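Only one structure is covered here, and it is reproduced in the block below.
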Amino acid sequence: MQGDPSLYDINWSTDKIQAFRQTLLAWYDETKRDLPWRNTNDPYKIWVSEIMLQQTQVATVIPYYERFIETLPTIQALANAEEETLLNLWQGLGYYSRVRNMQIAAQQIVADYAGAMPQTMKGLLSLKGIGPYTAAAIGSIAFGLVEPAIDGNLMRVTARLFELDADISQPKSRKLFAAILYQLIDAERPGDFNQALMDMGATIMTPANLNPEASPIKEFDRSYQNGTAHLYPVKKKKVKATEHQLIAYVVQNLQGEWLIRKHDEQELLTGLWHFPLLEQSVVMEAVSEEELIEPFSDWWAEQNSLLNDYAFETEPSITINQQLMPFGDLSTLTLLPKVKHVFSHRVWHVQLVPLMMKIDQAGLQENENMRWQSPKQIRDLPVSTLQQKLLKALESYL
DNA sequence: AATTCGGGGGT
DNA sequence: ACCCCAGAATT
């Protein structure tokens, strides 16, 4: 892989390029952080770290990384792991398709690469969940491939060094950064070169740029020389997240167990267990008991008819309604705090509504995606951070 | 090219 | 509030 040199000529002399590499790498050798994945040459461990670090800060990743490597120390172990094990290791980290894709990739490696990490860009890019950035990161760090690992840090640093006006939120801008970085990257130490620029972007040339004088490469930095660092990188603003109102139903049976369900692949937080969550099309202000219970009983009837393969409903709403009652009286019920949960693209405001079954419904509704679970054993299953917030809010109520 | 995927940290 | 984070897959 090569960048297109005609796209942008940095117009630095050979001596200046050498001086830049030497300055940057000397700074890195002196000040680099001692991170777990920097004490290994195992491509598998580098891979795990790079997947976890996608859109996720170093400090957040470290404990997840340690636990993951301890539990699944090899590609083979990952390929053979249960999905529940994977999600338990990943719960709270977010972007759960990352770990699902990583297992698919591990199985690809076993099937197509004799169980060993491929050592070419083409091979790495053939793996599920490995894109241009991650392929370059693994390739350069683990195998010495001379490839720039173009992430948010490298784009910010590069944009400032050359006062680039390209919008980094646009995919086509990647070519420009690649063209420049291929001219700069140190062919002897490509992995260290990439990591040095990442450290630079993470610790000194940060978005806020609070201490620009600390930069060891400021003499190479046009935005520093011209006092324009705050203008770079150029990035289009994101659209605001849409807001949604939901109810989380905490349905308790006569054994004191709660109804929980595993989200399927068509919804958010796939594979993780939650109380039944229903979106409210209209915001309910002063609600009656019936208005709180009804959406759940309709949903329950739908689940039942799907599960029982019935083409018709046998007055389920009425039946279920009569079997449920609010847990405590309505006035205390509405005192439960609303839980706010923020995703990248939406915001959920979730109202807890505890309900109790009046008569025994043991056995009803259970299948692999829906079950009654005792409160103490819920944390044995993979749950999202939202579900953890709901459990905590409930704790203070009960 | 735009949208969809979580969750937390810093200002 | 707002932005960002060692991004990739899907639409």
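Numbering starts fresh at 1 for the residues of each chain in the structure tokens, the chains themselves are lettered A, B, ... in the order given, and ligands are numbered from 1 as they appear.
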
For this session: Among the residues of stretch 127-241 of chain A, find those DSSP assigns to helix (DSSP H, G or I) from the backbone and print them as JSON, numbers by chain.
Result: {"A": [132, 133, 134, 135, 136, 137, 138, 139, 140, 141, 142, 143, 152, 153, 154, 155, 156, 157, 158, 159, 160, 161, 162, 173, 174, 175, 176, 177, 178, 179, 180, 181, 182, 183, 184, 190, 191, 192, 193, 194, 195, 196, 197, 198, 199, 200, 201, 202, 203, 212, 213, 214, 218, 219, 220, 222, 223, 224, 225, 226, 229, 230, 231]}

Problem set entry | DSSP strand (DSSP E or B) residues within stretch 111-283 of chain A, as an NGL selection string | :A and (167 or 234 or 242-252 or 258-262 or 273-274 or 277-280)

Using only C-alpha atoms (C1' of nucleotides), what table do you get, as JSON lines, when you list each residue of chain A with an atom no more than 6 Å from chain B, its nearest pair of atoms, and their distance in Å rounded to one decimal, rows by chain then rising number?
{"residue": "A:Gly94", "atom": "CA", "partner": "B:DG6", "partner_atom": "C1'", "distance": 3.6}
{"residue": "A:Tyr95", "atom": "CA", "partner": "B:DG6", "partner_atom": "C1'", "distance": 5.2}
{"residue": "A:Phe343", "atom": "CA", "partner": "B:DG6", "partner_atom": "C1'", "distance": 5.9}

Exercise. Mind pulling up the distance from atom CA of A:Glu82 to atom CA of A:Arg371?
Worked result: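 A separation of 19.1 Å between them.
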
For chain A, list the residues within 9 Å of chain C, counting only C-alpha atoms (C1' of nucleotides), and write the list as a PDB file with N, CA and C atoms, in the first residue's frame.
ATOM      1  N   SER A  49      -6.071  -5.420  21.809  1.00  0.00           N
ATOM      2  CA  SER A  49      -5.964  -4.042  22.304  1.00  0.00           C
ATOM      3  C   SER A  49      -6.492  -3.064  21.265  1.00  0.00           C
ATOM      4  N   GLU A  50      -6.160  -3.277  19.997  1.00  0.00           N
ATOM      5  CA  GLU A  50      -6.590  -2.330  18.959  1.00  0.00           C
ATOM      6  C   GLU A  50      -8.104  -2.325  18.778  1.00  0.00           C
ATOM      7  N   ILE A  51      -8.727  -3.493  18.886  1.00  0.00           N
ATOM      8  CA  ILE A  51     -10.189  -3.527  18.769  1.00  0.00           C
ATOM      9  C   ILE A  51     -10.817  -2.795  19.955  1.00  0.00           C
ATOM     10  N   MET A  52     -10.312  -3.067  21.156  1.00  0.00           N
ATOM     11  CA  MET A  52     -10.875  -2.398  22.332  1.00  0.00           C
ATOM     12  C   MET A  52     -10.682  -0.893  22.273  1.00  0.00           C
ATOM     13  N   LEU A  53      -9.573  -0.465  21.671  1.00  0.00           N
ATOM     14  CA  LEU A  53      -9.240   0.960  21.679  1.00  0.00           C
ATOM     15  C   LEU A  53      -9.996   1.744  20.618  1.00  0.00           C
ATOM     16  N   GLN A  54     -10.771   1.047  19.772  1.00  0.00           N
ATOM     17  CA  GLN A  54     -11.572   1.773  18.787  1.00  0.00           C
ATOM     18  C   GLN A  54     -12.592   2.647  19.505  1.00  0.00           C
ATOM     19  N   GLN A  55     -12.493   3.934  19.320  1.00  0.00           N
ATOM     20  CA  GLN A  55     -13.441   4.889  19.896  1.00  0.00           C
ATOM     21  C   GLN A  55     -13.524   4.784  21.419  1.00  0.00           C
ATOM     22  N   THR A  56     -12.446   4.322  22.031  1.00  0.00           N
ATOM     23  CA  THR A  56     -12.473   4.088  23.476  1.00  0.00           C
ATOM     24  C   THR A  56     -11.130   4.494  24.068  1.00  0.00           C
ATOM     25  N   GLN A  57     -11.160   5.220  25.166  1.00  0.00           N
ATOM     26  CA  GLN A  57      -9.925   5.767  25.719  1.00  0.00           C
ATOM     27  C   GLN A  57      -9.112   4.704  26.451  1.00  0.00           C
ATOM     28  N   VAL A  58      -7.802   4.952  26.483  1.00  0.00           N
ATOM     29  CA  VAL A  58      -6.855   4.003  27.041  1.00  0.00           C
ATOM     30  C   VAL A  58      -7.218   3.591  28.466  1.00  0.00           C
ATOM     31  N   ARG A  98     -18.092  -5.274  18.052  1.00  0.00           N
ATOM     32  CA  ARG A  98     -16.638  -5.432  17.968  1.00  0.00           C
ATOM     33  C   ARG A  98     -16.204  -6.823  18.408  1.00  0.00           C
ATOM     34  N   LYS A 128     -12.878  -9.948   9.597  1.00  0.00           N
ATOM     35  CA  LYS A 128     -14.049  -9.206  10.048  1.00  0.00           C
ATOM     36  C   LYS A 128     -13.667  -8.260  11.193  1.00  0.00           C
ATOM     37  N   GLY A 129     -14.065  -7.005  11.057  1.00  0.00           N
ATOM     38  CA  GLY A 129     -13.831  -6.033  12.115  1.00  0.00           C
ATOM     39  C   GLY A 129     -12.492  -5.320  12.014  1.00  0.00           C
ATOM     40  N   ILE A 130     -11.650  -5.735  11.048  1.00  0.00           N
ATOM     41  CA  ILE A 130     -10.370  -5.057  10.841  1.00  0.00           C
ATOM     42  C   ILE A 130     -10.459  -4.205   9.594  1.00  0.00           C
ATOM     43  N   GLY A 131     -10.420  -2.881   9.789  1.00  0.00           N
ATOM     44  CA  GLY A 131     -10.461  -1.933   8.691  1.00  0.00           C
ATOM     45  C   GLY A 131      -9.093  -1.326   8.461  1.00  0.00           C
ATOM     46  N   PRO A 132      -9.035  -0.253   7.712  1.00  0.00           N
ATOM     47  CA  PRO A 132      -7.755   0.366   7.344  1.00  0.00           C
ATOM     48  C   PRO A 132      -6.911   0.761   8.559  1.00  0.00           C
ATOM     49  N   TYR A 133      -7.547   1.376   9.555  1.00  0.00           N
ATOM     50  CA  TYR A 133      -6.764   1.772  10.722  1.00  0.00           C
ATOM     51  C   TYR A 133      -6.174   0.566  11.443  1.00  0.00           C
ATOM     52  N   THR A 134      -7.040  -0.389  11.801  1.00  0.00           N
ATOM     53  CA  THR A 134      -6.606  -1.509  12.634  1.00  0.00           C
ATOM     54  C   THR A 134      -5.600  -2.397  11.905  1.00  0.00           C
ATOM     55  N   ALA A 137      -2.366  -0.599  12.149  1.00  0.00           N
ATOM     56  CA  ALA A 137      -1.841  -0.605  13.521  1.00  0.00           C
ATOM     57  C   ALA A 137      -1.218  -1.963  13.842  1.00  0.00           C
ATOM     58  N   ALA A 149      -1.006   4.304  10.683  1.00  0.00           N
ATOM     59  CA  ALA A 149      -2.273   3.915  11.329  1.00  0.00           C
ATOM     60  C   ALA A 149      -3.078   5.192  11.558  1.00  0.00           C
ATOM     61  N   ILE A 150      -3.932   5.495  10.599  1.00  0.00           N
ATOM     62  CA  ILE A 150      -4.578   6.805  10.570  1.00  0.00           C
ATOM     63  C   ILE A 150      -5.844   6.806  11.418  1.00  0.00           C
ATOM     64  N   ASP A 151      -5.718   7.304  12.621  1.00  0.00           N
ATOM     65  CA  ASP A 151      -6.861   7.425  13.534  1.00  0.00           C
ATOM     66  C   ASP A 151      -7.092   8.908  13.809  1.00  0.00           C
ATOM     67  N   GLY A 152      -7.949   9.185  14.768  1.00  0.00           N
ATOM     68  CA  GLY A 152      -8.260  10.570  15.096  1.00  0.00           C
ATOM     69  C   GLY A 152      -7.035  11.346  15.540  1.00  0.00           C
ATOM     70  N   ASN A 153      -6.144  10.699  16.277  1.00  0.00           N
ATOM     71  CA  ASN A 153      -4.929  11.375  16.733  1.00  0.00           C
ATOM     72  C   ASN A 153      -4.047  11.787  15.568  1.00  0.00           C
ATOM     73  N   GLN A 195       2.728   4.858  17.082  1.00  0.00           N
ATOM     74  CA  GLN A 195       2.362   5.003  18.490  1.00  0.00           C
ATOM     75  C   GLN A 195       2.866   6.322  19.066  1.00  0.00           C
ATOM     76  N   MET A 198       0.357   8.823  18.111  1.00  0.00           N
ATOM     77  CA  MET A 198      -0.852   8.639  18.922  1.00  0.00           C
ATOM     78  C   MET A 198      -0.653   9.239  20.310  1.00  0.00           C
ATOM     79  N   PRO A 207      -7.152  17.816  21.554  1.00  0.00           N
ATOM     80  CA  PRO A 207      -8.164  18.694  20.970  1.00  0.00           C
ATOM     81  C   PRO A 207      -8.149  20.082  21.612  1.00  0.00           C
TER      82      PRO A 207
END

Exercise. Can you list, as a ChimeraX atom specification, every protein, DNA or RNA residue that comes within 9 Å of A:His263 when you count only C-alpha atoms (C1' of nucleotides), leaving out same-chain residues fewer than 5 positions away?
Worked result: /A:268-274,369

Residues just named, written with C-alpha atoms as a PDB file, in the first residue's frame:
ATOM      1  CA  LEU A 268     -29.837  -2.031  20.197  1.00  0.00           C
ATOM      2  CA  LEU A 269     -27.574  -3.779  22.730  1.00  0.00           C
ATOM      3  CA  THR A 270     -27.877  -7.132  20.981  1.00  0.00           C
ATOM      4  CA  GLY A 271     -27.240 -10.179  23.132  1.00  0.00           C
ATOM      5  CA  LEU A 272     -27.458  -8.317  26.424  1.00  0.00           C
ATOM      6  CA  TRP A 273     -30.197  -8.937  29.004  1.00  0.00           C
ATOM      7  CA  HIS A 274     -32.693  -6.250  30.062  1.00  0.00           C
ATOM      8  CA  ASN A 369     -34.415 -15.195  24.970  1.00  0.00           C
TER       9      ASN A 369
END

Problem set entry | Selection near A:Ser169, 7 Å with only C-alpha atoms (C1' of nucleotides), sequence-local residues under 2 positions removed, as a ChimeraX atom specification | /A:167,171,235-236

Keeping N, CA and C atoms, export the residues of the selection given above as a CSV table (one decimal), in the first residue's frame.
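So the final result, stored in selection_8.csv, reads:
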chain,number,residue,atom,x,y,z
A,167,ASP,N,-11.8,18.3,5.7
A,167,ASP,CA,-12.7,17.9,6.8
A,167,ASP,C,-12.5,16.5,7.2
A,171,PRO,N,-14.9,10.7,4.7
A,171,PRO,CA,-14.0,9.6,4.4
A,171,PRO,C,-13.0,9.9,3.3
A,235,LYS,N,-13.6,19.9,11.2
A,235,LYS,CA,-14.5,18.8,11.4
A,235,LYS,C,-15.9,19.3,11.4
A,236,LYS,N,-16.7,18.7,10.6
A,236,LYS,CA,-18.1,19.0,10.5
A,236,LYS,C,-18.8,18.6,11.8

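Using only C-alpha atoms for every distance, the candidate list A:Ala81, A:Ala179, A:Met200, A:Leu86 yields A:Met200 as the residue closest to A:Thr23.
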
Exercise. Given the choices A:Ser297, A:Tyr28, A:Arg189, A:Gln108, which gets closest to A:Thr203 if the distance is worked out from only C-alpha atoms?
Worked result: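 So, comparing all the options, the nearest one is A:Tyr28.
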